[in-house]
Amino acid sequence: MTTVLDHLIADFSRIPTRTIYGRVAAVQGMLVEIEGVDGHLSIGDRCTLHARRGKMIPCEVIGFRDKRALAMPYGALEGVALGTRAVILNSEPAIRPSDAWLGRVINAFAEPVDGLGPLAMGEEAYAVRATPVPAHQRRRTGAKIDLGVRCLNTFTTCCRGQRMGIFAGSGVGKSVLMAMMARFSEAEVIVIGLIGERGREVQEFIQDELGPEGLARSVVVVATSDESALMRREAAHVTLSVAEYFRDQGKDVLCLMDSVTRFAMAQREIGLSAGEPPATKGYTPTVFAELPRLLERAGPGSGEGTITGLFTVLVEGDDHNEPISDAVRGILDGHIVLDRNIAHRNRFPAVNILRSVSRTMPDCNTTEQTALVNRARRLLAAYDDMAELIRLGAYRKGSDPLVDEAISFNGPLESFIGQGKQERTSLEQGYQELAEVLGETYDGADAAAADG
């Protein structure tokens, strides 16, 4: 077994025996060209610019041109001049999570930003940009996980180790839905990545939406919209690294990230600065290469632990077929669609049941549960097909028995799908309530045995 002494020896072995310097040769926008570092830098390496007035600016190498390294800063470039010294860092970007990180808020460098003092470091280093577990070494997804949200538990049942997308426009309630899952989920650990979030909303989310109960078993990683593209991209990777640590402890982790779209936008900025050609809607090829590398890190590991990932996608102009939505939908194991029209009707969560899919259903359900869900979906679909005629008063009762039934059940089903943000509903409670709405009996004991 690896001991603390082994970790110390490994750390000391990484201490460089010499310091390598480069010089700033040019600055174009947020791109810094560094010369004099031939053979000493590679893509992804870091260096530090020693600017005026003692300012230290960390940078990352994103490309090369004419024997110069192209680097982007993690902060503002004020104080950088021609000839500014660049110190090359030899260590690979890594973090050392520990159980003491629960209840803490950190930034993209895994530094505390909650004013509660320094973080206790763990023994093992986790690479910030680790590779996903190889497919042939992964365990299969596990049993159902209770998310505490009625409509998700019943209509888009999620299994341990599954990865789902939450697709929504701005202001449709995805942050509140994330907070409900963080508070009510039965997962042992919650890791939340707030990527490109508005600075004003960070404290509101942590204090009002997440609350002390949710924060106590969570680690929150924050990179606000005013931070550099590198910080936003790095925060997404750090979120998965923290989740991987707890997964390796054998825990069931719920990883919530808001949002993948802002991660993609950050990668687009980096790619365009490095000279990549823009492709669809300005997104560069590396965006579509980096998305699976990030999202595939969630899921079951080779051991007992799992990472159940729910990633929000901010659809531009409510277009669910825009490039990032389309790419993410093809990578993940299902999608939850939040509908602005439903939000306008003041029904929250504004989940469009008919457009939402979990790819682990119905395999994870009993026959009785599948029958309940299918009947409810048929009624919702029948009402949706005739909704315009019903609202206009053009539909005549008796024209279609299924539509007549759908009209009578529409109100109770809408009430069932809606849920207050302080209200929790368990998996079995959800099926029981759905059966009551539909006027059917439900044998929860057999279902519980099947879930086990």
# chains A, B, ... in the order shown; residues from 1 in each chain; ligands from 1
>>> residues_around(residues="stretch 180-187 of chain A", least_positions_apart="2", cutoff="10 Å", atoms="only C-alpha atoms", output="MDAnalysis selection string")
chainID A and resid 145:149 152 160 174:178 189:192 209:218 251:256 306:308 310 349 419:426
>>> residues_around(residues="stretch 368-375 of chain A", least_positions_apart="2", cutoff="9 Å", atoms="only C-alpha atoms", output="ChimeraX atom specification")
/A:154-155,361-362,365-366,377-380,431,434-435,438,440,442-443,447
>>> residues_around(residues="stretch 279-292 of chain A", least_positions_apart="5", cutoff="10 Å", atoms="only C-alpha atoms", output="compact mmCIF listing (two decimals) with C-alpha atoms, in the first residue's frame")
# COMPACT_ATOMS: atom_id res chain seq x y z
CA PRO A 132 -11.73 8.86 -18.64
CA VAL A 260 -21.51 22.82 -20.45
CA THR A 261 -22.33 25.55 -22.96
CA PHE A 263 -17.35 25.48 -21.04
CA ALA A 264 -17.71 25.19 -24.83
CA MET A 265 -17.70 28.97 -25.22
CA ALA A 266 -14.50 29.17 -23.17
CA GLN A 267 -12.88 26.53 -25.35
CA ARG A 268 -14.01 28.43 -28.43
CA GLU A 269 -12.26 31.58 -27.16
CA ILE A 270 -9.09 29.60 -26.54
CA GLY A 271 -9.21 27.91 -29.95
CA LEU A 272 -9.82 31.14 -31.86
CA ARG A 297 -15.13 11.32 -17.11
CA GLU A 322 -27.84 24.36 -32.11
CA PRO A 323 -24.31 22.82 -32.34
CA ILE A 324 -23.50 22.35 -28.65
CA ALA A 327 -23.19 17.39 -29.75
CA VAL A 328 -23.93 16.96 -26.04
CA GLY A 330 -25.19 12.52 -28.70
CA ILE A 331 -22.66 12.01 -25.89
CA LEU A 332 -24.93 11.72 -22.84
>>> select_by_dssp(residues="stretch 219-360 of chain A", states="helix (DSSP H, G or I)", output="short mmCIF file (atom, residue, chain, number, x, y, z; two decimals) with N, CA, C and O atoms, in the first residue's frame")
data_model
loop_
_atom_site.label_atom_id
_atom_site.label_comp_id
_atom_site.auth_asym_id
_atom_site.auth_seq_id
_atom_site.Cartn_x
_atom_site.Cartn_y
_atom_site.Cartn_z
N ALA A 229 -11.17 32.79 -20.02
CA ALA A 229 -11.65 31.55 -20.63
C ALA A 229 -10.93 30.34 -20.05
O ALA A 229 -11.53 29.28 -19.85
N LEU A 230 -9.64 30.48 -19.76
CA LEU A 230 -8.90 29.37 -19.18
C LEU A 230 -9.43 29.00 -17.81
O LEU A 230 -9.52 27.81 -17.47
N MET A 231 -9.79 30.00 -17.00
CA MET A 231 -10.33 29.72 -15.67
C MET A 231 -11.66 28.99 -15.77
O MET A 231 -11.94 28.05 -15.01
N ARG A 232 -12.49 29.39 -16.73
CA ARG A 232 -13.80 28.74 -16.90
C ARG A 232 -13.63 27.30 -17.37
O ARG A 232 -14.31 26.40 -16.89
N ARG A 233 -12.72 27.09 -18.30
CA ARG A 233 -12.48 25.72 -18.76
C ARG A 233 -11.87 24.87 -17.65
O ARG A 233 -12.26 23.71 -17.45
N GLU A 234 -10.92 25.44 -16.93
CA GLU A 234 -10.23 24.70 -15.87
C GLU A 234 -11.20 24.31 -14.75
O GLU A 234 -11.11 23.22 -14.19
N ALA A 235 -12.14 25.20 -14.44
CA ALA A 235 -13.10 24.91 -13.37
C ALA A 235 -13.94 23.68 -13.69
O ALA A 235 -14.27 22.88 -12.81
N ALA A 236 -14.28 23.51 -14.98
CA ALA A 236 -15.05 22.33 -15.37
C ALA A 236 -14.24 21.06 -15.14
O ALA A 236 -14.76 20.05 -14.63
N HIS A 237 -12.97 21.09 -15.49
CA HIS A 237 -12.12 19.91 -15.29
C HIS A 237 -11.88 19.65 -13.81
O HIS A 237 -11.84 18.48 -13.38
N VAL A 238 -11.70 20.70 -13.02
CA VAL A 238 -11.50 20.52 -11.58
C VAL A 238 -12.75 19.90 -10.95
O VAL A 238 -12.66 19.06 -10.05
N THR A 239 -13.93 20.30 -11.43
CA THR A 239 -15.17 19.71 -10.92
C THR A 239 -15.17 18.20 -11.08
O THR A 239 -15.50 17.45 -10.16
N LEU A 240 -14.76 17.73 -12.26
CA LEU A 240 -14.71 16.28 -12.50
C LEU A 240 -13.60 15.61 -11.70
O LEU A 240 -13.75 14.48 -11.25
N SER A 241 -12.47 16.31 -11.50
CA SER A 241 -11.38 15.73 -10.71
C SER A 241 -11.81 15.52 -9.26
O SER A 241 -11.49 14.49 -8.65
N VAL A 242 -12.53 16.49 -8.69
CA VAL A 242 -13.02 16.34 -7.32
C VAL A 242 -14.02 15.18 -7.25
O VAL A 242 -13.99 14.36 -6.32
N ALA A 243 -14.90 15.10 -8.25
CA ALA A 243 -15.88 14.00 -8.28
C ALA A 243 -15.17 12.65 -8.39
O ALA A 243 -15.59 11.67 -7.75
N GLU A 244 -14.10 12.58 -9.16
CA GLU A 244 -13.35 11.33 -9.30
C GLU A 244 -12.72 10.91 -7.99
O GLU A 244 -12.65 9.71 -7.67
N TYR A 245 -12.26 11.87 -7.20
CA TYR A 245 -11.69 11.52 -5.90
C TYR A 245 -12.72 10.82 -5.01
O TYR A 245 -12.46 9.75 -4.45
N PHE A 246 -13.91 11.41 -4.90
CA PHE A 246 -14.92 10.81 -4.04
C PHE A 246 -15.43 9.49 -4.63
O PHE A 246 -15.76 8.57 -3.88
N ARG A 247 -15.49 9.39 -5.96
CA ARG A 247 -15.86 8.11 -6.57
C ARG A 247 -14.86 7.02 -6.20
O ARG A 247 -15.24 5.88 -5.90
N ASP A 248 -13.57 7.37 -6.20
CA ASP A 248 -12.55 6.39 -5.87
C ASP A 248 -12.58 5.98 -4.41
O ASP A 248 -11.96 4.97 -4.03
N VAL A 260 -22.42 23.33 -19.45
CA VAL A 260 -21.51 22.82 -20.45
C VAL A 260 -21.35 23.82 -21.59
O VAL A 260 -20.29 23.92 -22.20
N THR A 261 -22.39 24.57 -21.88
CA THR A 261 -22.33 25.55 -22.96
C THR A 261 -21.25 26.60 -22.68
O THR A 261 -20.50 26.98 -23.59
N ARG A 262 -21.16 27.06 -21.44
CA ARG A 262 -20.14 28.07 -21.13
C ARG A 262 -18.75 27.47 -21.16
O ARG A 262 -17.77 28.16 -21.46
N PHE A 263 -18.63 26.18 -20.85
CA PHE A 263 -17.35 25.48 -21.04
C PHE A 263 -16.98 25.49 -22.52
O PHE A 263 -15.84 25.76 -22.89
N ALA A 264 -17.96 25.20 -23.38
CA ALA A 264 -17.71 25.19 -24.83
C ALA A 264 -17.35 26.57 -25.33
O ALA A 264 -16.47 26.72 -26.20
N MET A 265 -18.02 27.59 -24.81
CA MET A 265 -17.70 28.97 -25.22
C MET A 265 -16.29 29.35 -24.81
O MET A 265 -15.57 30.02 -25.56
N ALA A 266 -15.87 28.90 -23.62
CA ALA A 266 -14.50 29.17 -23.17
C ALA A 266 -13.50 28.49 -24.08
O ALA A 266 -12.49 29.08 -24.48
N GLN A 267 -13.78 27.24 -24.45
CA GLN A 267 -12.88 26.53 -25.35
C GLN A 267 -12.85 27.17 -26.73
O GLN A 267 -11.81 27.19 -27.39
N ARG A 268 -13.98 27.73 -27.15
CA ARG A 268 -14.01 28.43 -28.43
C ARG A 268 -13.10 29.65 -28.38
O ARG A 268 -12.35 29.91 -29.34
N GLU A 269 -13.15 30.42 -27.29
CA GLU A 269 -12.26 31.58 -27.16
C GLU A 269 -10.80 31.17 -27.24
O GLU A 269 -9.98 31.82 -27.90
N ILE A 270 -10.47 30.07 -26.56
CA ILE A 270 -9.09 29.60 -26.54
C ILE A 270 -8.67 29.16 -27.94
O ILE A 270 -7.59 29.50 -28.42
N GLY A 271 -9.53 28.39 -28.61
CA GLY A 271 -9.21 27.91 -29.95
C GLY A 271 -9.04 29.03 -30.96
O GLY A 271 -8.10 29.02 -31.77
N LEU A 272 -9.93 30.01 -30.93
CA LEU A 272 -9.82 31.14 -31.86
C LEU A 272 -8.56 31.95 -31.61
O LEU A 272 -7.91 32.42 -32.55
N SER A 273 -8.19 32.11 -30.33
CA SER A 273 -6.96 32.84 -30.01
C SER A 273 -5.72 32.11 -30.52
O SER A 273 -4.73 32.73 -30.91
N THR A 280 -18.91 25.50 -37.17
CA THR A 280 -20.32 25.82 -37.02
C THR A 280 -20.53 26.88 -35.93
O THR A 280 -20.12 26.71 -34.80
N LYS A 281 -21.20 27.98 -36.31
CA LYS A 281 -21.49 29.09 -35.39
C LYS A 281 -20.24 29.56 -34.64
O LYS A 281 -20.31 29.97 -33.49
N GLY A 282 -19.11 29.50 -35.29
CA GLY A 282 -17.87 30.00 -34.70
C GLY A 282 -17.18 29.04 -33.77
O GLY A 282 -16.07 29.33 -33.30
N PRO A 285 -12.92 23.27 -34.01
CA PRO A 285 -12.91 21.80 -33.92
C PRO A 285 -12.56 21.26 -32.54
O PRO A 285 -13.07 20.21 -32.14
N THR A 286 -11.68 21.96 -31.80
CA THR A 286 -11.30 21.43 -30.48
C THR A 286 -12.46 21.44 -29.49
O THR A 286 -12.47 20.66 -28.54
N VAL A 287 -13.47 22.29 -29.71
CA VAL A 287 -14.64 22.29 -28.84
C VAL A 287 -15.30 20.93 -28.87
O VAL A 287 -15.62 20.34 -27.82
N PHE A 288 -15.49 20.38 -30.06
CA PHE A 288 -16.18 19.10 -30.20
C PHE A 288 -15.28 17.93 -29.84
O PHE A 288 -15.76 16.82 -29.63
N ALA A 289 -13.97 18.17 -29.77
CA ALA A 289 -13.05 17.14 -29.28
C ALA A 289 -12.99 17.14 -27.75
O ALA A 289 -12.87 16.09 -27.12
N GLU A 290 -13.09 18.34 -27.14
CA GLU A 290 -12.98 18.45 -25.69
C GLU A 290 -14.26 18.05 -24.96
O GLU A 290 -14.21 17.59 -23.83
N LEU A 291 -15.42 18.23 -25.61
CA LEU A 291 -16.68 17.89 -24.94
C LEU A 291 -16.73 16.43 -24.49
O LEU A 291 -17.00 16.15 -23.31
N PRO A 292 -16.47 15.44 -25.35
CA PRO A 292 -16.49 14.06 -24.87
C PRO A 292 -15.40 13.76 -23.85
O PRO A 292 -15.60 12.94 -22.95
N ARG A 293 -14.24 14.41 -23.97
CA ARG A 293 -13.17 14.18 -23.00
C ARG A 293 -13.60 14.62 -21.60
O ARG A 293 -13.21 14.00 -20.60
N LEU A 294 -14.40 15.67 -21.54
CA LEU A 294 -14.91 16.13 -20.24
C LEU A 294 -16.06 15.26 -19.75
O LEU A 294 -16.05 14.76 -18.62
N LEU A 295 -17.06 15.05 -20.60
CA LEU A 295 -18.29 14.39 -20.17
C LEU A 295 -18.10 12.91 -19.92
O LEU A 295 -18.78 12.33 -19.07
N GLU A 316 -29.10 28.33 -27.07
CA GLU A 316 -29.14 29.71 -27.57
C GLU A 316 -30.44 29.95 -28.33
O GLU A 316 -30.76 29.20 -29.26
N GLY A 317 -31.18 30.97 -27.94
CA GLY A 317 -32.42 31.30 -28.62
C GLY A 317 -33.45 30.19 -28.55
O GLY A 317 -34.29 30.07 -29.45
N ASP A 318 -33.37 29.35 -27.48
CA ASP A 318 -34.29 28.21 -27.32
C ASP A 318 -34.24 27.26 -28.51
O ASP A 318 -35.20 26.54 -28.79
N PRO A 323 -25.42 23.77 -32.31
CA PRO A 323 -24.31 22.82 -32.34
C PRO A 323 -23.96 22.16 -31.01
O PRO A 323 -23.75 20.94 -30.96
N ILE A 324 -23.90 22.94 -29.93
CA ILE A 324 -23.50 22.35 -28.65
C ILE A 324 -24.58 21.41 -28.12
O ILE A 324 -24.29 20.31 -27.65
N SER A 325 -25.84 21.82 -28.23
CA SER A 325 -26.93 20.94 -27.79
C SER A 325 -26.90 19.64 -28.56
O SER A 325 -27.06 18.55 -27.98
N ASP A 326 -26.71 19.72 -29.84
CA ASP A 326 -26.70 18.53 -30.68
C ASP A 326 -25.54 17.62 -30.32
O ASP A 326 -25.71 16.39 -30.24
N ALA A 327 -24.36 18.20 -30.09
CA ALA A 327 -23.19 17.39 -29.75
C ALA A 327 -23.34 16.73 -28.39
O ALA A 327 -23.06 15.54 -28.22
N VAL A 328 -23.80 17.50 -27.40
CA VAL A 328 -23.93 16.96 -26.04
C VAL A 328 -24.99 15.87 -25.99
O VAL A 328 -24.83 14.86 -25.31
N ARG A 329 -26.08 16.07 -26.71
CA ARG A 329 -27.17 15.09 -26.71
C ARG A 329 -26.68 13.74 -27.23
O ARG A 329 -27.13 12.68 -26.77
N GLY A 330 -25.73 13.76 -28.16
CA GLY A 330 -25.19 12.52 -28.70
C GLY A 330 -24.20 11.84 -27.78
O GLY A 330 -23.92 10.66 -27.95
N ILE A 331 -23.66 12.57 -26.80
CA ILE A 331 -22.66 12.01 -25.89
C ILE A 331 -23.32 11.42 -24.63
O ILE A 331 -22.92 10.37 -24.14
N ARG A 340 -39.76 26.86 -22.06
CA ARG A 340 -40.10 28.22 -21.66
C ARG A 340 -41.62 28.43 -21.62
O ARG A 340 -42.13 29.16 -20.76
N ASN A 341 -42.35 27.80 -22.55
CA ASN A 341 -43.81 27.95 -22.55
C ASN A 341 -44.43 27.38 -21.28
O ASN A 341 -45.40 27.91 -20.74
N ILE A 342 -43.87 26.28 -20.78
CA ILE A 342 -44.37 25.70 -19.53
C ILE A 342 -44.04 26.63 -18.36
O ILE A 342 -44.85 26.82 -17.46
N ALA A 343 -42.84 27.22 -18.38
CA ALA A 343 -42.47 28.16 -17.33
C ALA A 343 -43.40 29.37 -17.33
O ALA A 343 -43.75 29.90 -16.27
N HIS A 344 -43.82 29.81 -18.53
CA HIS A 344 -44.76 30.93 -18.62
C HIS A 344 -46.10 30.60 -17.98
O HIS A 344 -46.82 31.49 -17.54
N ILE A 353 -42.16 16.73 -20.39
CA ILE A 353 -42.07 15.29 -20.22
C ILE A 353 -41.95 14.58 -21.57
O ILE A 353 -41.18 13.62 -21.72
N LEU A 354 -42.70 15.03 -22.57
CA LEU A 354 -42.74 14.34 -23.85
C LEU A 354 -41.44 14.47 -24.63
O LEU A 354 -41.14 13.63 -25.49
N ARG A 355 -40.64 15.49 -24.35
CA ARG A 355 -39.37 15.68 -25.07
C ARG A 355 -38.17 15.20 -24.27
O ARG A 355 -37.04 15.29 -24.74
#
>>> select_by_dssp(residues="stretch 142-342 of chain A", states="strand (DSSP E or B)", output="VMD selection string")
chain A and resid 144 159 163 to 168 189 to 197 218 to 224 252 to 258 299 to 300 306 to 314 334 to 338
>>> atom_distance(atom1="atom CA of A:Asp258", atom2="atom CA of A:Asp363")
28.5 Å
>>> residues_around(residues="stretch 117-125 of chain A", least_positions_apart="5", cutoff="7 Å", atoms="only C-alpha atoms", output="list in words")
Val4, His7, Ala94, Ile95, Arg96, Pro97, Ser98, Ala100, Trp101 and Pro112 of chain A
>>> write_last_selection(atoms="C-alpha atoms", output="PDB file, in the first residue's frame")
ATOM      1  CA  VAL A   4       2.646   9.051   3.046  1.00  0.00           C
ATOM      2  CA  HIS A   7       3.879  10.411  -1.719  1.00  0.00           C
ATOM      3  CA  ALA A  94      -3.099  18.505 -10.317  1.00  0.00           C
ATOM      4  CA  ILE A  95      -5.156  18.853  -7.142  1.00  0.00           C
ATOM      5  CA  ARG A  96      -5.162  16.937  -3.850  1.00  0.00           C
ATOM      6  CA  PRO A  97      -8.780  16.593  -2.714  1.00  0.00           C
ATOM      7  CA  SER A  98      -9.756  15.281   0.696  1.00  0.00           C
ATOM      8  CA  ALA A 100     -12.373  17.978   4.402  1.00  0.00           C
ATOM      9  CA  TRP A 101     -13.367  19.728   1.157  1.00  0.00           C
ATOM     10  CA  PRO A 112     -10.800  28.329  -1.203  1.00  0.00           C
TER      11      PRO A 112
END
>>> atom_distance(atom1="atom CA of A:Val128", atom2="atom CA of A:Asp114")
21.1 Å
>>> atom_distance(atom1="atom CA of A:Glu201", atom2="atom CA of A:Ser225")
10.8 Å
>>> residues_around(residues="A:Gly75", least_positions_apart="4", cutoff="9 Å", atoms="only C-alpha atoms", output="PyMOL selection string")
chain A and resi 57-59+227-228+230-231
>>> residues_around(residues="A:His136", least_positions_apart="5", cutoff="12 Å", atoms="only C-alpha atoms", output="ChimeraX atom specification")
/A:300-302
>>> write_last_selection(atoms="C-alpha atoms", output="mmCIF file, in the first residue's frame")
data_model
loop_
_atom_site.group_PDB
_atom_site.id
_atom_site.type_symbol
_atom_site.label_atom_id
_atom_site.label_comp_id
_atom_site.auth_asym_id
_atom_site.auth_seq_id
_atom_site.Cartn_x
_atom_site.Cartn_y
_atom_site.Cartn_z
ATOM 1 C CA PRO A 300 -19.131 4.326 -13.198
ATOM 2 C CA GLY A 301 -15.518 3.697 -12.316
ATOM 3 C CA SER A 302 -13.617 0.434 -12.131
#
